[in-house]
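S.K.: I'd like to ask you about the structure that follows.
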Amino acid sequence: MSETRVRIAPSPSGNLHIGTARTALFNYLFAKKNNGKFILRIEDTDADRTSQEYIDNIFDSLKALGLNWDEGPDVGGPYGPYTQSERFDIYPKYVQKLLDSGFAYECFCTPEELEAEKEEATQAKKAYVYSKKCENLTNEEKEKLRAQGRKPAIRFNIAKAQKAFYPSSTLEFDDLVKGKLHMDTDLLGDFVIQKSNGAPTYNFAVVIDDALMKITHVIRGEDHISNTYKQILIFKALGFDVPEFGHLGMILAPDRSKLSKRHGATAVSDFVKEGYLTEALINFVALLGWSPSDGEEIKTVDQIAQDFRINEISSSNSIFEYDKLKWMNSHYIKQIPMDKLKEMLKPYLSKYNLGELSDAQYTKMIEITREPLVLLSDITDAVEYFFGQDVRIEPEAQTETLDTQIAQDVLKDFVSKAVDWDWTEENLHSKLEIFRGDWKEKGVKPKVTMWAIRAAITGRTRGADMIGVLEILGKEKTLYRAEKAIKKAAI
RNA sequence: GCCCCCAUCGUCUAGAGGCCUAGGACAACACCCUUUCACGGUGUAGACAGCGAUUCGAAUUCGCUUGGGGGUACCA
């Protein structure tokens, strides 16, 4: 059996989309599972929409997700080049072959003429299919058109290819994920394989590249199903082996429309910027359409590869629900070792003067604030009150807590007692316990006692472990903030 | 319009004729734990789109309807 070879072929007209990442993942998994090769090809035939920035983004994102390719533009390989724009000189040869064998013909129709044909079809409520009026142009007619300065596009002759290889006009293939798929190729229309400017169209270039790169399995989104029929016919007409195809359901936004920027991040790099971990992203996206046989959803790519069977992928679309991604992200954040997390969080702390804290204090701060993090970026807000002499008091903390008589009584008592406390974790722990106990005897719940202190010191009624907070802030700053809260109270 | 694909809790899914009074995960809700929030733990609620057919028996097979998605380019 020949080696399994799959590919991901993104078009660099934007940053790597999360949907493309999922397609890449399934290709990668398929390759891993079958001991094959995973190939990266950049499809940049449309020069206008392409940019180096996007190409770099695609490389970086794929790498960050752990989807390393065996052959590609940067690492090379036996069937390069792996960038389509560098392959332009190899396509004309195959176009000529098709022309010679009669599977393709020159088309001199102008955009206006084609537009008119389409208009007519729309009026008649019929499906538009190219009229084939250039199919049987004589040499004289062609010369005449050429003399007028018209440059022909090359069209593929669907009917001819269909007849040559299949008994009826129905083309059927066995899809790796969807099973039998079929289509009446009469409805396809003779499509352009080479533009009048000489550039190959997508459907043509893909076939040549996949054939020459010896791709054995084409796994891609189901938006390509109708292209598949066209491509199979080209493979056949050129005498190439037809690869196997597998079409994945699409990823939809929560409102069932296409996942776009207005729904939030869509590019892998955007997710990363927002504080998502690539481990969470790839794990989450794997669960869209695929499910583990042991029910354990948290898995690395390698673990998934062991368990992966392409025919078990769901053939329906799935909705990208951020909730579960977030849960998964928080799960992965919890697993990060302290030393590593301390560094990972720093980019999100640039607005603060980290110099205010010793390394021990910084470590302590992360230790007590990391638990509720869903996104790495959540640290920015979570840690605000550790910096500066004064603290921003949330309006609700002021009105609901600090402006109550109980809170003021508690705070006054706290200030008077804390002045004499020894400011160590152990001591603070026991002193506060006694403090809460005293107030409990006066009928004040421990929760309320702590709220008063927390609100004064952190400006909030929720947050990290209070003893840790006091320890990091130090006695001086703590008392300063507490006294200030007493003065500021509106009662 | 025409063609194609899809259809189990709100979401991701398990389920390949009897194991299903349909299982899990996220989200929701309740309770417990607790110095707050959170984490964690324990529970509760929640689905086979509809209609026909096949069968002793259907979430599982077939047909129709409905709904959703995709395609219909000298874009990829």
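Residue numbering restarts at 1 for every chain of the structure tokens, chains are lettered A, B, ... in their displayed order, and ligands are numbered from 1 as they appear.
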Determine, for each residue of chain B having at least one atom at most 8 Å from an atom of chain A, the closest pair of atoms and their separation in Å to one decimal, counting only C-alpha atoms (C1' of nucleotides); order by chain and ascending number, as JSON lines.
M.R.:
{"residue": "B:G1", "atom": "C1'", "partner": "A:Lys125", "partner_atom": "CA", "distance": 5.0}
{"residue": "B:C2", "atom": "C1'", "partner": "A:Ala127", "partner_atom": "CA", "distance": 4.6}
{"residue": "B:C3", "atom": "C1'", "partner": "A:Leu187", "partner_atom": "CA", "distance": 7.3}
{"residue": "B:C4", "atom": "C1'", "partner": "A:Ser226", "partner_atom": "CA", "distance": 7.2}
{"residue": "B:C5", "atom": "C1'", "partner": "A:Glu222", "partner_atom": "CA", "distance": 7.6}
{"residue": "B:C6", "atom": "C1'", "partner": "A:Ser316", "partner_atom": "CA", "distance": 5.0}
{"residue": "B:A7", "atom": "C1'", "partner": "A:Ser316", "partner_atom": "CA", "distance": 7.9}
{"residue": "B:U11", "atom": "C1'", "partner": "A:Glu321", "partner_atom": "CA", "distance": 6.1}
{"residue": "B:C12", "atom": "C1'", "partner": "A:Leu288", "partner_atom": "CA", "distance": 6.2}
{"residue": "B:U13", "atom": "C1'", "partner": "A:Ser291", "partner_atom": "CA", "distance": 6.8}
{"residue": "B:G24", "atom": "C1'", "partner": "A:Gly295", "partner_atom": "CA", "distance": 6.8}
{"residue": "B:A25", "atom": "C1'", "partner": "A:Glu297", "partner_atom": "CA", "distance": 7.5}
{"residue": "B:C26", "atom": "C1'", "partner": "A:Lys324", "partner_atom": "CA", "distance": 4.6}
{"residue": "B:A27", "atom": "C1'", "partner": "A:Asp323", "partner_atom": "CA", "distance": 6.6}
{"residue": "B:U35", "atom": "C1'", "partner": "A:Met450", "partner_atom": "CA", "distance": 5.5}
{"residue": "B:U36", "atom": "C1'", "partner": "A:Arg462", "partner_atom": "CA", "distance": 4.6}
{"residue": "B:C37", "atom": "C1'", "partner": "A:Arg462", "partner_atom": "CA", "distance": 4.5}
{"residue": "B:A38", "atom": "C1'", "partner": "A:Pro372", "partner_atom": "CA", "distance": 5.2}
{"residue": "B:C39", "atom": "C1'", "partner": "A:Glu371", "partner_atom": "CA", "distance": 6.6}
{"residue": "B:G68", "atom": "C1'", "partner": "A:Arg256", "partner_atom": "CA", "distance": 7.8}
{"residue": "B:G69", "atom": "C1'", "partner": "A:Asn317", "partner_atom": "CA", "distance": 7.2}
{"residue": "B:G70", "atom": "C1'", "partner": "A:Asp223", "partner_atom": "CA", "distance": 5.3}
{"residue": "B:G71", "atom": "C1'", "partner": "A:Ser226", "partner_atom": "CA", "distance": 6.2}
{"residue": "B:U72", "atom": "C1'", "partner": "A:Tyr128", "partner_atom": "CA", "distance": 7.6}
{"residue": "B:C74", "atom": "C1'", "partner": "A:Lys195", "partner_atom": "CA", "distance": 4.5}
{"residue": "B:C75", "atom": "C1'", "partner": "A:Asp46", "partner_atom": "CA", "distance": 7.7}
{"residue": "B:A76", "atom": "C1'", "partner": "A:Tyr202", "partner_atom": "CA", "distance": 6.1}
S.K.: Write out as JSON, numbers by chain the set of residues from segment 53-118 of chain A that DSSP, computed on the backbone, places in strand (DSSP E).
M.R.: {"A": [104, 105, 106, 107]}
S.K.: So which residues touch Leu376 of chain A within 8 Å, counting only C-alpha atoms (C1' of nucleotides), skipping near sequence neighbours fewer than 5 positions away, as a PyMOL selection string?
M.R.: chain A and resi 274-276+333+344-345+348
S.K.: Store the residues picked out above, limited to C-alpha atoms, as a compact mmCIF listing (two decimals), in the first residue's frame.
M.R.:
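part-v2.txt, written as the output of this step:
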# COMPACT_ATOMS: atom_id res chain seq x y z
CA GLU A 274 -7.39 37.21 23.91
CA GLY A 275 -5.76 34.78 26.28
CA TYR A 276 -6.78 31.40 24.95
CA ILE A 333 -4.66 27.19 32.74
CA MET A 344 2.91 33.72 30.46
CA LEU A 345 0.91 36.25 32.40
CA TYR A 348 -1.15 40.97 30.26
S.K.: Using only C-alpha atoms (C1' of nucleotides), determine which residues lie at most 8 Å from segment 14-21 of chain B, disregarding the query and same-chain residues fewer than 3 positions distant; provide the list as a VMD selection string.
M.R.: chain B and resid 24 57 to 60
S.K.: Name all residues at most 9 Å from Val177 of chain A (count only C-alpha atoms (C1' of nucleotides); drop same-chain ones fewer than 3 positions away) and give them as an NGL selection string.
M.R.: :A and (174 or 245-248 or 310-315)
S.K.: Residues within 12 Å of C51 of chain B, please, as a list in words. Count only C-alpha atoms (C1' of nucleotides); anything in the same chain fewer than 3 positions from it doesn't count.
M.R.: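 The contact residues come out as G63, C64, U65 and U66 of chain B.
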S.K.: Write out the residues from the selection above, keeping all heavy atoms, as an mmCIF file, in the first residue's frame.
M.R.:
data_model
loop_
_atom_site.group_PDB
_atom_site.id
_atom_site.type_symbol
_atom_site.label_atom_id
_atom_site.label_comp_id
_atom_site.auth_asym_id
_atom_site.auth_seq_id
_atom_site.Cartn_x
_atom_site.Cartn_y
_atom_site.Cartn_z
ATOM 1 P P G B 63 -34.985 7.332 0.920
ATOM 2 O OP1 G B 63 -34.326 7.561 -0.388
ATOM 3 O OP2 G B 63 -34.433 7.941 2.146
ATOM 4 O "O5'" G B 63 -36.510 7.742 0.815
ATOM 5 C "C5'" G B 63 -37.292 7.315 -0.302
ATOM 6 C "C4'" G B 63 -38.695 7.814 -0.139
ATOM 7 O "O4'" G B 63 -39.279 7.222 1.056
ATOM 8 C "C3'" G B 63 -38.822 9.305 0.101
ATOM 9 O "O3'" G B 63 -38.802 10.050 -1.103
ATOM 10 C "C2'" G B 63 -40.188 9.392 0.780
ATOM 11 O "O2'" G B 63 -41.248 9.309 -0.144
ATOM 12 C "C1'" G B 63 -40.171 8.149 1.659
ATOM 13 N N9 G B 63 -39.706 8.435 3.018
ATOM 14 C C8 G B 63 -38.463 8.195 3.550
ATOM 15 N N7 G B 63 -38.360 8.568 4.797
ATOM 16 C C5 G B 63 -39.613 9.083 5.110
ATOM 17 C C6 G B 63 -40.104 9.648 6.313
ATOM 18 O O6 G B 63 -39.524 9.804 7.388
ATOM 19 N N1 G B 63 -41.435 10.052 6.189
ATOM 20 C C2 G B 63 -42.183 9.939 5.049
ATOM 21 N N2 G B 63 -43.428 10.389 5.125
ATOM 22 N N3 G B 63 -41.740 9.408 3.918
ATOM 23 C C4 G B 63 -40.457 9.008 4.014
ATOM 24 P P C B 64 -38.279 11.582 -1.068
ATOM 25 O OP1 C B 64 -38.128 12.021 -2.479
ATOM 26 O OP2 C B 64 -37.139 11.695 -0.132
ATOM 27 O "O5'" C B 64 -39.514 12.349 -0.433
ATOM 28 C "C5'" C B 64 -40.748 12.442 -1.146
ATOM 29 C "C4'" C B 64 -41.817 12.994 -0.238
ATOM 30 O "O4'" C B 64 -41.925 12.147 0.934
ATOM 31 C "C3'" C B 64 -41.535 14.378 0.335
ATOM 32 O "O3'" C B 64 -41.900 15.416 -0.549
ATOM 33 C "C2'" C B 64 -42.435 14.372 1.572
ATOM 34 O "O2'" C B 64 -43.780 14.626 1.268
ATOM 35 C "C1'" C B 64 -42.282 12.939 2.062
ATOM 36 N N1 C B 64 -41.236 12.810 3.093
ATOM 37 C C2 C B 64 -41.533 13.216 4.400
ATOM 38 O O2 C B 64 -42.667 13.655 4.643
ATOM 39 N N3 C B 64 -40.593 13.121 5.354
ATOM 40 C C4 C B 64 -39.382 12.648 5.053
ATOM 41 N N4 C B 64 -38.479 12.569 6.032
ATOM 42 C C5 C B 64 -39.049 12.228 3.730
ATOM 43 C C6 C B 64 -39.992 12.324 2.787
ATOM 44 P P U B 65 -41.140 16.833 -0.437
ATOM 45 O OP1 U B 65 -41.653 17.688 -1.522
ATOM 46 O OP2 U B 65 -39.675 16.599 -0.296
ATOM 47 O "O5'" U B 65 -41.678 17.390 0.952
ATOM 48 C "C5'" U B 65 -43.049 17.763 1.088
ATOM 49 C "C4'" U B 65 -43.323 18.215 2.503
ATOM 50 O "O4'" U B 65 -43.035 17.123 3.423
ATOM 51 C "C3'" U B 65 -42.436 19.346 3.007
ATOM 52 O "O3'" U B 65 -42.927 20.613 2.604
ATOM 53 C "C2'" U B 65 -42.557 19.175 4.511
ATOM 54 O "O2'" U B 65 -43.761 19.694 5.022
ATOM 55 C "C1'" U B 65 -42.557 17.657 4.646
ATOM 56 N N1 U B 65 -41.207 17.123 4.911
ATOM 57 C C2 U B 65 -40.717 17.229 6.206
ATOM 58 O O2 U B 65 -41.360 17.725 7.115
ATOM 59 N N3 U B 65 -39.466 16.721 6.402
ATOM 60 C C4 U B 65 -38.659 16.144 5.452
ATOM 61 O O4 U B 65 -37.547 15.733 5.773
ATOM 62 C C5 U B 65 -39.221 16.076 4.129
ATOM 63 C C6 U B 65 -40.454 16.558 3.915
ATOM 64 P P U B 66 -41.916 21.858 2.496
ATOM 65 O OP1 U B 66 -42.686 23.045 2.062
ATOM 66 O OP2 U B 66 -40.731 21.413 1.719
ATOM 67 O "O5'" U B 66 -41.454 22.084 4.019
ATOM 68 C "C5'" U B 66 -42.371 22.618 4.973
ATOM 69 C "C4'" U B 66 -41.732 22.618 6.343
ATOM 70 O "O4'" U B 66 -41.380 21.254 6.723
ATOM 71 C "C3'" U B 66 -40.405 23.360 6.432
ATOM 72 O "O3'" U B 66 -40.589 24.760 6.600
ATOM 73 C "C2'" U B 66 -39.792 22.731 7.675
ATOM 74 O "O2'" U B 66 -40.378 23.223 8.857
ATOM 75 C "C1'" U B 66 -40.186 21.265 7.484
ATOM 76 N N1 U B 66 -39.142 20.519 6.758
ATOM 77 C C2 U B 66 -38.047 20.072 7.482
ATOM 78 O O2 U B 66 -37.907 20.262 8.682
ATOM 79 N N3 U B 66 -37.100 19.394 6.750
ATOM 80 C C4 U B 66 -37.141 19.131 5.392
ATOM 81 O O4 U B 66 -36.217 18.511 4.871
ATOM 82 C C5 U B 66 -38.300 19.625 4.715
ATOM 83 C C6 U B 66 -39.237 20.282 5.401
#
S.K.: Excluding Gly66 of chain A and residues on its chain fewer than 4 positions from it, collect all residues at most 10 Å away from it, counting only C-alpha atoms (C1' of nucleotides), and give them as a PyMOL selection string.
M.R.: chain A and resi 25+28+60-62+278-279+282+300-302
S.K.: Output all heavy atoms for every residue in the selection just made, as a compact mmCIF listing (two decimals), in the first residue's frame.
M.R.:
# COMPACT_ATOMS: atom_id res chain seq x y z
N LEU A 25 -6.18 20.13 11.54
CA LEU A 25 -6.07 19.13 12.60
C LEU A 25 -6.53 17.75 12.13
O LEU A 25 -5.84 16.75 12.35
CB LEU A 25 -6.91 19.56 13.81
CG LEU A 25 -7.11 18.48 14.88
CD1 LEU A 25 -5.79 18.16 15.58
CD2 LEU A 25 -8.16 18.90 15.90
N TYR A 28 -4.05 16.30 9.91
CA TYR A 28 -2.89 15.92 10.71
C TYR A 28 -3.13 14.60 11.44
O TYR A 28 -2.31 13.70 11.46
CB TYR A 28 -2.58 17.05 11.70
CG TYR A 28 -1.41 16.80 12.61
CD1 TYR A 28 -0.13 17.18 12.25
CD2 TYR A 28 -1.60 16.21 13.86
CE1 TYR A 28 0.95 16.96 13.10
CE2 TYR A 28 -0.53 15.98 14.71
CZ TYR A 28 0.75 16.37 14.33
OH TYR A 28 1.80 16.15 15.17
N ASP A 60 2.93 30.44 11.72
CA ASP A 60 3.04 30.57 13.18
C ASP A 60 1.88 29.91 13.91
O ASP A 60 2.07 29.25 14.93
CB ASP A 60 3.11 32.06 13.57
CG ASP A 60 4.39 32.71 13.05
OD1 ASP A 60 5.31 31.97 12.65
OD2 ASP A 60 4.46 33.95 13.03
N SER A 61 0.67 30.12 13.38
CA SER A 61 -0.50 29.57 14.06
C SER A 61 -0.49 28.05 14.04
O SER A 61 -0.77 27.40 15.04
CB SER A 61 -1.78 30.08 13.39
OG SER A 61 -1.85 31.49 13.46
N LEU A 62 -0.18 27.49 12.89
CA LEU A 62 -0.14 26.04 12.75
C LEU A 62 0.91 25.44 13.71
O LEU A 62 0.66 24.44 14.39
CB LEU A 62 0.21 25.68 11.30
CG LEU A 62 -0.82 25.03 10.36
CD1 LEU A 62 -2.26 25.15 10.80
CD2 LEU A 62 -0.64 25.53 8.94
N THR A 278 -3.36 27.54 23.13
CA THR A 278 -3.48 26.73 21.91
C THR A 278 -3.87 25.29 22.23
O THR A 278 -4.56 24.65 21.45
CB THR A 278 -2.16 26.73 21.11
OG1 THR A 278 -1.09 26.40 21.99
CG2 THR A 278 -1.92 28.09 20.48
N GLU A 279 -3.47 24.81 23.39
CA GLU A 279 -3.85 23.44 23.77
C GLU A 279 -5.37 23.33 23.89
O GLU A 279 -5.97 22.33 23.51
CB GLU A 279 -3.24 23.06 25.13
CG GLU A 279 -1.75 22.91 25.13
CD GLU A 279 -1.04 24.22 25.44
OE1 GLU A 279 -1.61 25.31 25.18
OE2 GLU A 279 0.09 24.16 25.95
N ILE A 282 -7.10 23.66 20.25
CA ILE A 282 -6.99 22.48 19.39
C ILE A 282 -7.84 21.35 19.97
O ILE A 282 -8.51 20.62 19.24
CB ILE A 282 -5.51 22.06 19.21
CG1 ILE A 282 -5.34 21.24 17.95
CG2 ILE A 282 -4.95 21.33 20.39
CD1 ILE A 282 -5.43 22.02 16.67
N THR A 300 -4.64 15.42 24.49
CA THR A 300 -3.64 16.06 23.64
C THR A 300 -3.85 15.56 22.21
O THR A 300 -4.53 14.57 21.98
CB THR A 300 -2.21 15.67 24.06
OG1 THR A 300 -2.07 14.25 23.85
CG2 THR A 300 -1.96 16.00 25.52
N VAL A 301 -3.25 16.28 21.28
CA VAL A 301 -3.38 15.90 19.88
C VAL A 301 -2.87 14.47 19.64
O VAL A 301 -3.50 13.69 18.92
CB VAL A 301 -2.62 16.90 18.98
CG1 VAL A 301 -2.59 16.40 17.54
CG2 VAL A 301 -3.27 18.27 19.04
N ASP A 302 -1.79 14.13 20.28
CA ASP A 302 -1.24 12.78 20.10
C ASP A 302 -2.19 11.70 20.62
O ASP A 302 -2.35 10.65 20.01
CB ASP A 302 0.11 12.64 20.80
CG ASP A 302 1.21 13.34 20.01
OD1 ASP A 302 0.99 13.58 18.80
OD2 ASP A 302 2.26 13.64 20.59
S.K.: Can you work out the spacing between atom CA of Lys230 of chain A and atom CA of Arg22 of chain A in Å, to one decimal?
M.R.: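 Interatomic distance here is 24.6 Å.
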S.K.: What does the structure give for the distance between atom C1' of G10 of chain B and atom CA of Gly264 of chain A, in Å to one decimal?
M.R.: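 We find that atom C1' of G10 of chain B and atom CA of Gly264 of chain A lie 19.4 Å from each other.
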S.K.: Rounded to one decimal in Å, what is the spacing between atom CA of Ala382 of chain A and atom CA of Ala253 of chain A?
M.R.: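 Pair atom CA of Ala382 of chain A / atom CA of Ala253 of chain A returns 29.1 Å.
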S.K.: Determine which residues of segment 304-400 of chain A DSSP labels as helix (DSSP H, G or I) from the backbone of this structure, then write them out as a ChimeraX atom specification.
M.R.: /A:304-307,310-312,322-335,338-349,354-356,359-369,376-382,384-386,395-400
